[in-house]
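Shown here: run.cif, mmCIF, C-alpha atoms.
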```cif
data_data
#
loop_
_atom_site.label_atom_id
_atom_site.label_comp_id
_atom_site.auth_asym_id
_atom_site.auth_seq_id
_atom_site.Cartn_x
_atom_site.Cartn_y
_atom_site.Cartn_z
CA ASN A 1 -5.34 12.07 -16.30
CA ALA A 2 -1.96 12.14 -14.61
CA GLY A 3 -3.19 10.27 -11.51
CA VAL A 4 -0.54 10.46 -8.79
CA THR A 5 2.74 12.16 -9.63
CA GLN A 6 5.82 12.15 -7.44
CA THR A 7 8.66 14.63 -7.73
CA PRO A 8 11.59 13.96 -7.97
CA LYS A 9 12.03 10.40 -9.26
CA PHE A 10 15.63 10.09 -8.04
CA ARG A 11 17.71 12.02 -5.55
CA VAL A 12 21.06 11.65 -3.82
CA LEU A 13 21.50 13.57 -0.56
CA LYS A 14 24.41 14.01 1.75
CA THR A 15 23.94 13.20 5.43
CA GLY A 16 22.42 16.19 7.21
CA GLN A 17 20.91 17.78 4.12
CA SER A 18 17.22 18.48 3.90
CA MET A 19 14.75 17.93 1.09
CA THR A 20 11.06 17.82 0.28
CA LEU A 21 9.28 15.20 -1.79
CA LEU A 22 6.13 16.31 -3.56
CA CYS A 23 3.10 14.16 -4.25
CA ALA A 24 0.37 15.57 -6.46
CA GLN A 25 -2.97 13.96 -7.36
CA ASP A 26 -5.63 15.15 -9.76
CA MET A 27 -8.48 12.85 -8.68
CA ASN A 28 -9.88 15.04 -5.87
CA HIS A 29 -9.08 12.31 -3.33
CA GLU A 30 -9.49 13.07 0.34
CA TYR A 31 -6.88 10.62 1.60
CA MET A 32 -3.18 10.74 0.85
CA TYR A 33 -0.33 8.56 2.15
CA TRP A 34 3.46 8.39 2.22
CA TYR A 35 5.31 5.05 2.42
CA ARG A 36 8.86 3.84 2.38
CA GLN A 37 9.94 0.49 0.99
CA ASP A 38 13.34 -1.00 1.73
CA PRO A 39 14.87 -3.83 -0.33
CA GLY A 40 13.01 -7.10 0.15
CA MET A 41 10.59 -5.54 2.59
CA GLY A 42 7.02 -4.42 2.56
CA LEU A 43 5.57 -0.93 2.44
CA ARG A 44 5.67 0.95 5.73
CA LEU A 45 3.35 3.87 6.30
CA ILE A 46 5.17 7.07 7.31
CA HIS A 47 2.37 9.64 7.53
CA TYR A 48 -1.07 10.03 6.08
CA SER A 49 -3.75 12.67 5.64
CA VAL A 50 -7.53 12.37 5.63
CA GLY A 51 -8.13 15.84 4.25
CA GLU A 52 -6.70 19.26 3.51
CA GLY A 53 -4.96 20.70 6.55
CA THR A 54 -4.87 17.41 8.47
CA THR A 55 -2.03 14.91 8.91
CA ALA A 56 -1.43 11.89 11.13
CA LYS A 57 1.47 9.60 12.03
CA GLY A 58 1.80 6.18 10.51
CA GLU A 59 4.02 3.25 11.47
CA VAL A 60 7.43 4.91 11.02
CA PRO A 61 7.06 8.73 11.34
CA ASP A 62 10.34 9.59 13.06
CA GLY A 63 12.66 11.79 11.03
CA TYR A 64 9.91 12.92 8.66
CA ASN A 65 7.42 15.74 8.56
CA VAL A 66 4.47 16.28 6.24
CA SER A 67 2.10 19.01 5.19
CA ARG A 68 -1.20 19.10 3.27
CA LEU A 69 -1.88 22.74 2.59
CA LYS A 70 -3.77 21.99 -0.62
CA LYS A 71 -6.05 19.01 -1.17
CA GLN A 72 -4.16 17.87 -4.25
CA ASN A 73 -0.65 18.00 -2.73
CA PHE A 74 1.03 16.06 0.08
CA LEU A 75 4.60 17.00 0.93
CA LEU A 76 7.11 14.79 2.75
CA GLY A 77 10.06 16.53 4.35
CA LEU A 78 13.36 15.23 5.63
CA GLU A 79 14.92 17.90 7.85
CA SER A 80 18.29 16.21 8.38
CA ALA A 81 18.76 13.19 6.14
CA ALA A 82 20.41 10.06 7.52
CA PRO A 83 21.73 6.98 5.65
CA SER A 84 18.93 4.95 7.30
CA GLN A 85 16.47 6.99 5.23
CA THR A 86 17.85 5.56 2.00
CA SER A 87 14.79 3.91 0.50
CA VAL A 88 12.15 4.03 -2.20
CA TYR A 89 9.31 6.34 -1.25
CA PHE A 90 5.79 5.86 -2.56
CA CYS A 91 2.87 8.21 -2.35
CA ALA A 92 -0.76 7.17 -2.74
CA SER A 93 -4.20 8.75 -2.73
CA SER A 94 -7.74 7.43 -2.37
CA TYR A 95 -11.33 8.18 -1.55
CA SER A 96 -12.52 6.94 1.81
CA ALA A 97 -13.72 3.34 1.54
CA THR A 98 -16.54 4.30 3.90
CA ARG A 99 -18.05 6.67 1.36
CA GLY A 100 -16.40 5.50 -1.86
CA SER A 101 -14.44 2.71 -3.47
CA GLY A 102 -11.39 2.97 -1.23
CA GLU A 103 -9.15 2.09 -4.16
CA ALA A 104 -5.74 3.68 -3.67
CA PHE A 105 -3.63 4.88 -6.59
CA PHE A 106 0.13 4.94 -6.22
CA GLY A 107 2.81 7.13 -7.69
CA GLN A 108 5.82 5.78 -9.54
CA GLY A 109 8.11 6.09 -6.53
CA THR A 110 11.09 8.24 -5.56
CA ARG A 111 14.43 6.52 -5.12
CA LEU A 112 16.36 8.38 -2.42
CA THR A 113 19.97 7.65 -1.49
CA VAL A 114 21.59 9.32 1.50
CA VAL A 115 25.38 9.13 1.51
CA SER B 1 -0.86 -2.41 18.20
CA GLN B 2 -2.36 -3.90 15.07
CA LYS B 3 -0.45 -6.66 13.38
CA ILE B 4 -0.83 -7.99 9.84
CA GLU B 5 0.70 -11.30 8.81
CA GLN B 6 1.11 -12.75 5.35
CA ASN B 7 3.03 -15.84 4.26
CA SER B 8 6.59 -14.58 4.36
CA GLU B 9 7.84 -17.43 2.23
CA ALA B 10 7.48 -17.22 -1.54
CA LEU B 11 4.71 -19.33 -3.00
CA ASN B 12 5.66 -21.38 -6.05
CA ILE B 13 2.79 -22.81 -8.01
CA GLN B 14 2.34 -24.66 -11.25
CA GLU B 15 0.68 -22.91 -14.16
CA GLY B 16 -3.02 -23.69 -14.27
CA LYS B 17 -3.31 -24.43 -10.56
CA THR B 18 -5.08 -22.32 -7.94
CA ALA B 19 -2.91 -20.13 -5.73
CA THR B 20 -4.16 -19.34 -2.22
CA LEU B 21 -2.63 -16.53 -0.19
CA THR B 22 -3.40 -15.80 3.45
CA CYS B 23 -3.74 -12.55 5.38
CA ASN B 24 -4.17 -12.66 9.16
CA TYR B 25 -4.61 -9.60 11.35
CA THR B 26 -4.83 -9.01 15.10
CA ASN B 27 -5.78 -6.31 17.57
CA TYR B 28 -8.46 -4.58 15.54
CA SER B 29 -11.67 -5.13 13.65
CA PRO B 30 -11.55 -3.54 10.19
CA ALA B 31 -14.71 -2.73 8.32
CA TYR B 32 -13.07 -3.81 5.06
CA LEU B 33 -9.89 -5.29 3.66
CA GLN B 34 -8.05 -4.62 0.42
CA TRP B 35 -5.70 -6.65 -1.77
CA TYR B 36 -3.04 -5.17 -4.02
CA ARG B 37 -0.49 -6.47 -6.48
CA GLN B 38 3.05 -5.10 -6.68
CA ASP B 39 5.55 -5.77 -9.45
CA PRO B 40 9.29 -5.12 -8.93
CA GLY B 41 10.17 -1.44 -9.07
CA ARG B 42 6.56 -0.29 -9.30
CA GLY B 43 3.88 0.94 -6.92
CA PRO B 44 1.09 -1.40 -5.82
CA VAL B 45 -2.03 -1.75 -7.94
CA PHE B 46 -5.48 -2.24 -6.40
CA LEU B 47 -7.18 -5.58 -7.01
CA LEU B 48 -10.18 -6.03 -4.71
CA LEU B 49 -11.86 -4.60 -1.63
CA ILE B 50 -14.13 -6.76 0.53
CA ARG B 51 -16.35 -5.38 3.30
CA GLU B 52 -17.16 -6.97 6.64
CA ASN B 53 -20.70 -7.83 5.54
CA GLU B 54 -19.40 -9.67 2.46
CA LYS B 55 -18.17 -13.21 2.91
CA GLU B 56 -16.77 -13.54 -0.60
CA LYS B 57 -15.98 -11.35 -3.59
CA ARG B 58 -14.94 -12.30 -7.10
CA LYS B 59 -13.32 -10.53 -10.02
CA GLU B 60 -12.48 -12.58 -13.09
CA ARG B 61 -10.01 -15.26 -11.86
CA LEU B 62 -9.67 -13.68 -8.42
CA LYS B 63 -11.65 -14.57 -5.32
CA VAL B 64 -11.34 -13.07 -1.85
CA THR B 65 -12.94 -14.25 1.39
CA PHE B 66 -13.16 -12.31 4.64
CA ASP B 67 -13.72 -14.09 7.95
CA THR B 68 -14.10 -11.48 10.67
CA THR B 69 -14.32 -14.15 13.38
CA LEU B 70 -11.01 -15.75 12.40
CA LYS B 71 -9.59 -12.31 11.51
CA GLN B 72 -8.42 -13.72 8.22
CA SER B 73 -8.73 -13.11 4.50
CA LEU B 74 -7.90 -15.63 1.79
CA PHE B 75 -6.97 -14.55 -1.72
CA HIS B 76 -7.33 -17.09 -4.53
CA ILE B 77 -6.11 -16.93 -8.11
CA THR B 78 -7.58 -19.70 -10.23
CA ALA B 79 -5.94 -21.01 -13.41
CA SER B 80 -2.67 -19.31 -12.49
CA GLN B 81 -0.56 -17.88 -15.31
CA PRO B 82 3.10 -16.77 -15.38
CA ALA B 83 1.81 -13.18 -15.69
CA ASP B 84 0.33 -13.56 -12.19
CA SER B 85 3.84 -13.72 -10.73
CA ALA B 86 4.16 -10.73 -8.38
CA THR B 87 3.99 -9.79 -4.72
CA TYR B 88 0.49 -9.61 -3.26
CA LEU B 89 -0.26 -7.31 -0.35
CA CYS B 90 -3.24 -7.13 1.97
CA ALA B 91 -4.36 -4.04 3.88
CA PRO B 92 -7.11 -4.36 6.48
CA GLY B 93 -8.92 -1.19 7.51
CA ASP B 94 -8.80 2.47 6.61
CA LYS B 95 -5.21 3.49 7.42
CA LEU B 96 -3.96 1.48 4.43
CA ILE B 97 -1.27 -0.26 6.44
CA PHE B 98 0.04 -3.24 4.49
CA GLY B 99 1.23 -6.67 5.42
CA THR B 100 4.73 -7.65 4.28
CA GLY B 101 3.30 -9.34 1.21
CA THR B 102 3.58 -12.79 -0.32
CA ARG B 103 5.64 -13.30 -3.46
CA LEU B 104 3.91 -15.59 -5.91
CA GLN B 105 5.89 -17.35 -8.62
CA VAL B 106 3.94 -19.21 -11.32
#
```
This entry written out as structure tokens:
Amino acid sequence: NAGVTQTPKFRVLKTGQSMTLLCAQDMNHEYMYWYRQDPGMGLRLIHYSVGEGTTAKGEVPDGYNVSRLKKQNFLLGLESAAPSQTSVYFCASSYSATRGSGEAFFGQGTRLTVV
Amino acid sequence: SQKIEQNSEALNIQEGKTATLTCNYTNYSPAYLQWYRQDPGRGPVFLLLIRENEKEKRKERLKVTFDTTLKQSLFHITASQPADSATYLCAPGDKLIFGTGTRLQV
């Protein structure tokens, strides 16, 4: 099993450019999440989804958009990249802890630099 | 808004001793709480989930307690080993919002 796969692993963007990060999971999980992690800091939740076609804002949603058109994929978009969005981005997926184990599986991360 | 606090200072502990990490939360009442481990440059890895009707949960050398009155969870690693050195994160509730984590050095 691949688990959770993030694409790409590294990317350098110029200020103002746009890009989409893809998160794919093959575990049939309902929940999916996008985080950013800055040096020496904890994970901050950007957006999350509790099922296909649904998304919700997390702690730091500004400057990002997401879509969950298929259950296995969760896309994170940056419409106009800013240097403040330089970070490592992690995606995760899980079953609901209410009905299942709740254990979340994380991708390997995407290192994004905006210059 | 909900707030999650973990020891911001690194915890240095001698090999063989028990490490105790604290997670405090405010402004909500989660039905469960999770603990994860994160190594540098990698995504977090799930360790344990404890539910509100469980006072204590164990897995090998790990033990977690959950006090819903105090709004606190304690995470213990007994017989600490150098391989336990990592950052430990707690996440109360279903949105999977994490505390800032505590870095443990054995």
Problem - Proximity to A:Tyr33 - best of A:Val115, A:Val60, A:Gln85, A:Cys91, all atoms listed in the file - result: A:Cys91
Exercise for the section: Select, counting only C-alpha atoms, all protein, DNA and RNA residues no farther than 8 Å from (2.7, -22.2, -8.8) in file coordinates, and express the selection as a PyMOL selection string. Expected result: chain B and resi 11-15+17-19+80+104-106
Exercise for the section: Run through the PyMOL selection byres ((chain B) within 12 of (chain A)) on the given coordinates and return the selected residues as a VMD selection string. Expected result: chain B and resid 1 to 6 8 to 10 30 to 52 87 to 103
Handout entry: Between atom CA of A:Thr110 and atom CA of A:Ser87 - distance in Å to one decimal
Key =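 Taking atom CA of A:Ser87 as the start and atom CA of A:Thr110 as the end point, the length is 8.3 Å.
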Practice task
Could you list the residues chosen by the PyMOL selection byres ((chain B and resi 53-62) around 6) in this structure as an MDAnalysis selection string?
Solution key: chainID B and resid 51:52 63:66 76:78
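All residues that come within 10 Å of the coordinates (-4.1, 19.0, -9.1), counting all atoms listed in the file, are given as Ala2, Gly3, Val4, Thr5, Cys23, Ala24, Gln25, Asp26, Met27, Asn28, Lys70, Lys71, Gln72 and Asn73 of chain A.
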